[in-house]
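Below is one structure, written out as structure tokens; the observations come after it.
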Amino acid sequence: MEEKDLALYPFITEASSYVSGLGFSLERLITSRAMDSARSRGVERVLQALKGEIYKPQLLVSDESKILIELLSYPFSRILVSCIDDNFLIRRYALAEAVSCYELLRLESSEFICSIASDFRVDVIPRDHEFDIHFTDYIRLASSMKALEWKLVNRKIQKGHVYISKEELARLLQEAIRDRIQSSLPLNIPQDICQMCAQYLSPIQTELQQMKETFGSGDFGAVESSMFPPCMVHAISNVRAGVNLAHSMRFALTSFLRNVGMSVDDIIAMFNVSPDFDIEKTRYQIEHISGSSGTEYKPPSCSTMRTYGNCYGADELCSRIKHPLNYYRRKTWFKHKNEGSQQPPSSEHDTT
């Protein structure tokens, strides 16, 4: 594999061995003026990851300096993520690295994508415009993907092998990449090294805190997100961290947000970092839940949420209500009751 490929896919075994062979010490990576560009790119990688996508440079074989910067920025970004040691950041970073590689892999040759698959001990056989993958590897890679088309029963399978397209193989490898990066973090970084990186950590910590405070989506308009029930706060936190929600929880969250007044576009913007995000499918599903088919759906009751394992972090108010919408309405009413004459919230959702 060429050096430019190692720079674009720095998580593979060959890339790791190559960087180790360069002989750069940790201290040199962190303190040497010659490494300024690599450190800046490392910070940029993490900041871009927080926003959802890491932009990979166009590299030629002759771009030796750019290749070295890209290669060394990867271990430095992992050092930064490890020093902060925040689960939200780790998940976001791993997902963004994986998504950026997916965008590259889907355009690579069949031979190249097979070589990447082999690094994950996945044997695939190219056949015309498809690939054969053993069903055990397929299940392992697709286990975190919730869309129905990824279920094994919905796939073409023959003699223990599943037939998939190159784009689908790239998508499965995205999950393998995400898992490899996420499971390897945080690294065990000495405290003095983290202190030496303080100037690089500061902008990342600032951006991370802002994302956490706003659920990462920006403006909820008149929707008071601080009034959401714990189950919805938990679901939103997972979505913004790139965790795939189960279908039942995705429906509950979407219907809840629409019923409290969040726009279709804002909900789409929130889901755009999910591993299996598809803008057209997402818009169709949200609009369907919103009533485009003639029926406007309400979120499930608390008892149904518990039945599906979607009740998280129930608090004292949860014990007195029976529906997530009523939680929001009551908490909002209590907050604003001194701002003017308001009627107590009705209990129409308590009996659903």
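Identifiers in the structure tokens: chain A, B, ... in order shown; residue index from 1 per chain; ligand index from 1 in order shown.
Among the residues of region 77-163 of chain A, backbone DSSP assigns strand (DSSP E) to Val124, Ile125, Pro126, Arg127, Glu130, Phe131, Asp132, Ile133, His134, Ile157, Gln158, His161, Val162 and Tyr163 of chain A.
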Saved selection, atoms kept: C-alpha atoms, as an mmCIF file, in the first residue's frame:
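What landed in part.cif:
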```
data_model
loop_
_atom_site.group_PDB
_atom_site.id
_atom_site.type_symbol
_atom_site.label_atom_id
_atom_site.label_comp_id
_atom_site.auth_asym_id
_atom_site.auth_seq_id
_atom_site.Cartn_x
_atom_site.Cartn_y
_atom_site.Cartn_z
ATOM 1 C CA VAL A 124 -14.573 -10.924 0.860
ATOM 2 C CA ILE A 125 -14.631 -12.184 -2.715
ATOM 3 C CA PRO A 126 -15.423 -9.757 -5.539
ATOM 4 C CA ARG A 127 -17.884 -11.120 -8.117
ATOM 5 C CA GLU A 130 -21.049 -7.667 -5.928
ATOM 6 C CA PHE A 131 -19.004 -9.115 -3.085
ATOM 7 C CA ASP A 132 -19.387 -12.365 -1.184
ATOM 8 C CA ILE A 133 -18.971 -12.140 2.583
ATOM 9 C CA HIS A 134 -19.453 -15.016 5.027
ATOM 10 C CA ILE A 157 -27.595 -15.428 0.944
ATOM 11 C CA GLN A 158 -26.314 -18.636 -0.614
ATOM 12 C CA HIS A 161 -22.343 -16.227 1.978
ATOM 13 C CA VAL A 162 -24.139 -12.888 1.802
ATOM 14 C CA TYR A 163 -24.121 -10.887 -1.418
#
```
Report task. Please identify all polymer residues within 8 Å of Gln174 (chain A), counting only C-alpha atoms, omitting same-chain residues fewer than 6 positions from it, and present them as a PyMOL selection string. Result -> chain A and resi 98-99+101-102
Query raised in the report: Any idea what the distance is between CA of Glu207 (chain A) and CA of Asn272 (chain A)?
Result: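 Calculated distance between CA of Glu207 (chain A) and CA of Asn272 (chain A) is 18.3 Å.
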Requested in this report: Quick one: everything within 9 Å of region 239-249 of chain A, counting only C-alpha atoms, minus sequence neighbours fewer than 6 positions away in the same chain. Send it as a PyMOL selection string.
Outcome: chain A and resi 50+52+87-93+95-96+144-147+211-212+215-217+232+270-276+305+308-310
Any chance you could export the current selection's N, CA, C and O atoms as a compact mmCIF listing (two decimals), in the first residue's frame?
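Dumped to part-v6.txt:
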```txt
# COMPACT_ATOMS: atom_id res chain seq x y z
N LEU A 50 -16.13 16.72 16.03
CA LEU A 50 -17.22 17.21 16.86
C LEU A 50 -18.36 17.75 16.02
O LEU A 50 -19.53 17.66 16.40
N GLY A 52 -19.05 16.59 13.05
CA GLY A 52 -19.67 15.49 12.31
C GLY A 52 -18.89 14.89 11.17
O GLY A 52 -19.20 13.80 10.72
N ASN A 87 -16.48 10.32 27.15
CA ASN A 87 -17.13 9.29 26.33
C ASN A 87 -17.84 9.87 25.11
O ASN A 87 -17.83 9.27 24.03
N PHE A 88 -18.47 11.01 25.29
CA PHE A 88 -19.16 11.67 24.17
C PHE A 88 -18.16 12.00 23.07
O PHE A 88 -18.39 11.71 21.90
N LEU A 89 -17.03 12.59 23.45
CA LEU A 89 -16.00 12.96 22.48
C LEU A 89 -15.41 11.73 21.81
O LEU A 89 -15.19 11.72 20.58
N ILE A 90 -15.15 10.69 22.58
CA ILE A 90 -14.56 9.46 22.02
C ILE A 90 -15.49 8.87 20.96
O ILE A 90 -15.05 8.51 19.86
N ARG A 91 -16.78 8.79 21.25
CA ARG A 91 -17.73 8.24 20.29
C ARG A 91 -17.83 9.12 19.04
O ARG A 91 -17.87 8.62 17.91
N ARG A 92 -17.89 10.43 19.25
CA ARG A 92 -17.98 11.34 18.11
C ARG A 92 -16.74 11.25 17.23
O ARG A 92 -16.84 11.25 16.00
N TYR A 93 -15.58 11.21 17.87
CA TYR A 93 -14.33 11.16 17.12
C TYR A 93 -14.23 9.87 16.31
O TYR A 93 -13.91 9.89 15.12
N LEU A 95 -16.59 7.87 15.29
CA LEU A 95 -17.58 7.85 14.22
C LEU A 95 -17.15 8.73 13.05
O LEU A 95 -17.24 8.33 11.88
N ALA A 96 -16.66 9.93 13.34
CA ALA A 96 -16.27 10.85 12.27
C ALA A 96 -15.10 10.30 11.47
O ALA A 96 -15.06 10.43 10.24
N SER A 144 -24.67 -3.54 14.76
CA SER A 144 -25.05 -2.25 15.34
C SER A 144 -25.92 -1.41 14.41
O SER A 144 -26.31 -0.30 14.76
N MET A 145 -26.25 -1.93 13.25
CA MET A 145 -27.01 -1.18 12.26
C MET A 145 -28.48 -1.58 12.34
O MET A 145 -28.82 -2.75 12.19
N LYS A 146 -29.33 -0.60 12.58
CA LYS A 146 -30.73 -0.87 12.94
C LYS A 146 -31.69 -0.86 11.76
O LYS A 146 -32.82 -1.34 11.88
N ALA A 147 -31.29 -0.30 10.63
CA ALA A 147 -32.19 -0.24 9.48
C ALA A 147 -32.56 -1.66 9.03
O ALA A 147 -31.72 -2.57 9.05
N MET A 211 -21.27 21.99 22.62
CA MET A 211 -22.09 20.95 22.00
C MET A 211 -22.96 20.25 23.03
O MET A 211 -24.12 19.96 22.79
N LYS A 212 -22.39 19.96 24.17
CA LYS A 212 -23.15 19.27 25.21
C LYS A 212 -24.30 20.13 25.71
O LYS A 212 -25.39 19.63 26.00
N PHE A 215 -27.07 20.10 22.91
CA PHE A 215 -27.34 18.81 22.28
C PHE A 215 -26.74 18.74 20.89
O PHE A 215 -27.11 17.89 20.08
N GLY A 216 -25.84 19.67 20.58
CA GLY A 216 -25.13 19.66 19.32
C GLY A 216 -25.91 20.14 18.12
O GLY A 216 -25.41 20.15 17.02
N SER A 217 -27.14 20.60 18.26
CA SER A 217 -27.91 20.97 17.09
C SER A 217 -28.10 22.47 16.92
O SER A 217 -28.55 22.93 15.89
N MET A 232 -35.79 11.17 26.96
CA MET A 232 -35.53 11.90 25.71
C MET A 232 -34.16 12.57 25.74
O MET A 232 -33.46 12.64 24.73
N MET A 270 -30.33 16.97 13.62
CA MET A 270 -29.88 16.27 14.81
C MET A 270 -29.49 14.82 14.49
O MET A 270 -28.52 14.30 15.03
N PHE A 271 -30.22 14.19 13.57
CA PHE A 271 -29.95 12.80 13.23
C PHE A 271 -28.81 12.63 12.23
O PHE A 271 -28.40 11.50 11.96
N ASN A 272 -28.27 13.72 11.69
CA ASN A 272 -27.33 13.57 10.58
C ASN A 272 -25.98 13.00 10.95
O ASN A 272 -25.12 12.83 10.10
N VAL A 273 -25.76 12.69 12.25
CA VAL A 273 -24.50 12.04 12.64
C VAL A 273 -24.71 10.57 13.01
O VAL A 273 -23.79 9.90 13.44
N SER A 274 -25.94 10.08 12.86
CA SER A 274 -26.19 8.67 13.13
C SER A 274 -25.45 7.81 12.11
O SER A 274 -25.36 8.17 10.94
N PRO A 275 -24.91 6.65 12.51
CA PRO A 275 -24.14 5.82 11.59
C PRO A 275 -24.87 5.40 10.33
O PRO A 275 -24.26 5.25 9.28
N ASP A 276 -26.19 5.22 10.40
CA ASP A 276 -26.93 4.80 9.19
C ASP A 276 -27.80 5.92 8.64
O ASP A 276 -28.85 5.69 8.05
N MET A 305 -42.79 2.67 26.90
CA MET A 305 -41.35 2.95 26.87
C MET A 305 -40.60 1.94 27.74
O MET A 305 -39.55 1.42 27.35
N TYR A 308 -40.32 -1.58 26.10
CA TYR A 308 -39.30 -1.68 25.05
C TYR A 308 -37.90 -1.36 25.55
O TYR A 308 -36.96 -1.29 24.75
N GLY A 309 -37.77 -1.16 26.85
CA GLY A 309 -36.45 -0.87 27.41
C GLY A 309 -35.94 0.51 27.08
O GLY A 309 -34.72 0.74 27.04
N ASN A 310 -36.85 1.47 26.87
CA ASN A 310 -36.46 2.82 26.49
C ASN A 310 -36.62 3.84 27.61
O ASN A 310 -36.47 5.04 27.37
```
Report task. Please provide the set of residues having any atom within 10 Å of Glu3 (chain A), restricted to only C-alpha atoms, with same-chain residues fewer than 2 positions apart removed, written as a list in words. Result -> Met1, Asp5, Leu6, Ala7, Leu8, Tyr9, Glu14, Ala15, Tyr18, Leu59, Leu60, Val61, Ser62, Asp63, Glu64, Ile67, Leu68 and Leu71 of chain A
Residue selection dump (C-alpha atoms) as a CSV table (one decimal), in the first residue's frame:
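Output contents, as saved in part18.csv:
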```
chain,number,residue,atom,x,y,z
A,1,MET,CA,0.0,0.0,0.0
A,5,ASP,CA,-3.0,5.5,1.4
A,6,LEU,CA,-1.6,4.9,4.8
A,7,ALA,CA,-2.1,8.6,5.6
A,8,LEU,CA,-5.8,8.4,4.5
A,9,TYR,CA,-6.4,5.1,6.4
A,14,GLU,CA,0.4,-1.3,8.1
A,15,ALA,CA,0.0,2.4,8.8
A,18,TYR,CA,5.0,2.6,9.3
A,59,LEU,CA,-2.9,13.5,-1.7
A,60,LEU,CA,-0.6,12.5,-4.5
A,61,VAL,CA,2.4,10.2,-4.2
A,62,SER,CA,4.7,13.1,-4.5
A,63,ASP,CA,3.1,15.1,-1.6
A,64,GLU,CA,5.7,13.8,0.9
A,67,ILE,CA,1.5,12.8,3.7
A,68,LEU,CA,3.7,13.1,6.8
A,71,LEU,CA,0.1,10.5,9.1
```
Report task. Do a neighbour search on Pro300 (chain A) at 10 Å with only C-alpha atoms, toss out local chain neighbours closer than 4 positions, and write the hits as an NGL selection string. Result -> :A and (248-249 or 251-253 or 255-256 or 304-306 or 322-325 or 349 or 352)
Okay, now the selection with C-alpha atoms, as a compact mmCIF listing (two decimals), in the first residue's frame?
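Writing the result to out-v4.txt gives the following:
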```
# COMPACT_ATOMS: atom_id res chain seq x y z
CA SER A 248 -38.77 2.01 18.91
CA MET A 249 -36.65 4.73 20.54
CA PHE A 251 -39.90 6.68 16.74
CA ALA A 252 -40.48 7.80 20.34
CA LEU A 253 -37.89 10.58 20.10
CA SER A 255 -42.73 11.89 17.62
CA PHE A 256 -41.93 13.59 20.94
CA THR A 304 -44.76 1.27 26.61
CA MET A 305 -41.35 2.95 26.87
CA ARG A 306 -40.51 0.66 29.78
CA LYS A 322 -47.71 8.41 32.57
CA HIS A 323 -46.57 10.04 29.35
CA PRO A 324 -43.40 11.86 28.17
CA LEU A 325 -45.43 14.74 26.72
CA HIS A 349 -51.67 12.14 28.15
CA THR A 352 -52.59 6.97 27.31
```
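For the pair CA of Met196 (chain A) and CA of Leu80 (chain A), the interatomic distance is 10.7 Å.
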With only C-alpha atoms as the counted atoms, please give the residues lying no more than 10 Å from region 226-230 of chain A, apart from itself and same-chain residues fewer than 6 positions off, as a JSON list (two decimals) with N, CA and C atoms, in the first residue's frame.
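Here's the written file result30.json:
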```
[["chain", "number", "residue", "atom", "x", "y", "z"],
["A", 213, "GLU", "N", -24.07, 21.43, 25.81],
["A", 213, "GLU", "CA", -25.09, 22.33, 26.33],
["A", 213, "GLU", "C", -26.25, 22.50, 25.37],
["A", 214, "THR", "N", -26.00, 22.33, 24.08],
["A", 214, "THR", "CA", -27.04, 22.55, 23.07],
["A", 214, "THR", "C", -27.47, 21.27, 22.38],
["A", 236, "ILE", "N", -31.33, 11.82, 22.95],
["A", 236, "ILE", "CA", -30.70, 12.90, 22.19],
["A", 236, "ILE", "C", -29.19, 12.87, 22.38],
["A", 256, "PHE", "N", -41.95, 12.66, 19.80],
["A", 256, "PHE", "CA", -41.93, 13.59, 20.94],
["A", 256, "PHE", "C", -41.49, 14.98, 20.49],
["A", 257, "LEU", "N", -40.39, 15.04, 19.74],
["A", 257, "LEU", "CA", -39.86, 16.33, 19.30],
["A", 257, "LEU", "C", -40.83, 17.07, 18.39],
["A", 260, "VAL", "N", -43.68, 18.56, 20.55],
["A", 260, "VAL", "CA", -43.36, 19.72, 21.38],
["A", 260, "VAL", "C", -42.96, 20.92, 20.52],
["A", 311, "CYS", "N", -36.90, 3.39, 28.81],
["A", 311, "CYS", "CA", -37.03, 4.29, 29.95],
["A", 311, "CYS", "C", -35.67, 4.39, 30.64],
["A", 312, "TYR", "N", -35.09, 5.61, 30.65],
["A", 312, "TYR", "CA", -33.76, 5.80, 31.24],
["A", 312, "TYR", "C", -33.79, 6.95, 32.24],
["A", 313, "GLY", "N", -33.17, 6.73, 33.38],
["A", 313, "GLY", "CA", -32.94, 7.80, 34.35],
["A", 313, "GLY", "C", -34.19, 8.43, 34.92],
["A", 314, "ALA", "N", -35.23, 7.65, 35.14],
["A", 314, "ALA", "CA", -36.49, 8.20, 35.67],
["A", 314, "ALA", "C", -36.24, 8.98, 36.95],
["A", 315, "ASP", "N", -36.85, 10.18, 37.03],
["A", 315, "ASP", "CA", -36.69, 11.00, 38.23],
["A", 315, "ASP", "C", -38.00, 11.04, 39.02],
["A", 317, "LEU", "N", -40.38, 13.28, 39.19],
["A", 317, "LEU", "CA", -41.56, 13.68, 38.43],
["A", 317, "LEU", "C", -42.08, 12.53, 37.58],
["A", 318, "CYS", "N", -41.17, 11.69, 37.09],
["A", 318, "CYS", "CA", -41.59, 10.55, 36.26],
["A", 318, "CYS", "C", -42.56, 9.65, 37.01],
["A", 323, "HIS", "N", -46.88, 9.79, 30.75],
["A", 323, "HIS", "CA", -46.57, 10.04, 29.35],
["A", 323, "HIS", "C", -45.47, 11.09, 29.22],
["A", 324, "PRO", "N", -44.50, 10.89, 28.33],
["A", 324, "PRO", "CA", -43.40, 11.86, 28.17],
["A", 324, "PRO", "C", -43.87, 13.27, 27.85],
["A", 325, "LEU", "N", -44.94, 13.41, 27.04],
["A", 325, "LEU", "CA", -45.43, 14.74, 26.72],
["A", 325, "LEU", "C", -45.95, 15.46, 27.95],
["A", 326, "ASN", "N", -46.58, 14.71, 28.84],
["A", 326, "ASN", "CA", -47.10, 15.34, 30.05],
["A", 326, "ASN", "C", -45.96, 15.77, 30.97],
["A", 327, "TYR", "N", -44.86, 15.02, 30.96],
["A", 327, "TYR", "CA", -43.67, 15.43, 31.72],
["A", 327, "TYR", "C", -43.23, 16.81, 31.23],
["A", 328, "TYR", "N", -43.12, 16.96, 29.91],
["A", 328, "TYR", "CA", -42.66, 18.23, 29.34],
["A", 328, "TYR", "C", -43.64, 19.36, 29.66],
["A", 329, "ARG", "N", -44.92, 19.10, 29.50],
["A", 329, "ARG", "CA", -45.92, 20.13, 29.72],
["A", 329, "ARG", "C", -45.97, 20.56, 31.18],
["A", 330, "ARG", "N", -45.88, 19.60, 32.09],
["A", 330, "ARG", "CA", -45.92, 19.95, 33.51],
["A", 330, "ARG", "C", -44.68, 20.72, 33.94],
["A", 331, "LYS", "N", -43.51, 20.25, 33.50],
["A", 331, "LYS", "CA", -42.28, 20.91, 33.91],
["A", 331, "LYS", "C", -42.21, 22.32, 33.34],
["A", 332, "THR", "N", -42.69, 22.48, 32.10],
["A", 332, "THR", "CA", -42.73, 23.81, 31.50],
["A", 332, "THR", "C", -43.68, 24.73, 32.24],
["A", 333, "TRP", "N", -44.82, 24.18, 32.62],
["A", 333, "TRP", "CA", -45.81, 24.98, 33.36],
["A", 333, "TRP", "C", -45.26, 25.42, 34.70],
["A", 335, "LYS", "N", -42.24, 25.91, 35.51],
["A", 335, "LYS", "CA", -41.18, 26.90, 35.30],
["A", 335, "LYS", "C", -41.76, 28.29, 35.07]]
```
Query raised in the report: Neighbours of Glu108 (chain A) within 10 Å (only C-alpha atoms; same-chain residues fewer than 6 positions away dropped), as an NGL selection string?
Result: :A and (102 or 114 or 166-167 or 170)
Would you put the residues from that selection into a file with N, CA and C atoms, as a tab-separated table (two decimals), in the first residue's frame?
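Output file out_38.tsv is given in full below:
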```
chain	number	residue	atom	x	y	z
A	102	TYR	N	-15.35	5.88	5.03
A	102	TYR	CA	-16.42	5.31	4.20
A	102	TYR	C	-16.56	6.08	2.89
A	114	CYS	N	-10.86	-4.77	-0.65
A	114	CYS	CA	-10.65	-6.11	-0.11
A	114	CYS	C	-9.42	-6.13	0.81
A	166	LYS	N	-20.46	-2.94	-3.39
A	166	LYS	CA	-19.23	-2.32	-2.89
A	166	LYS	C	-19.56	-1.22	-1.89
A	167	GLU	N	-20.60	-0.46	-2.15
A	167	GLU	CA	-20.98	0.60	-1.22
A	167	GLU	C	-21.43	0.01	0.11
A	170	ALA	N	-18.35	-1.04	1.97
A	170	ALA	CA	-17.72	0.15	2.56
A	170	ALA	C	-18.46	0.56	3.83
```
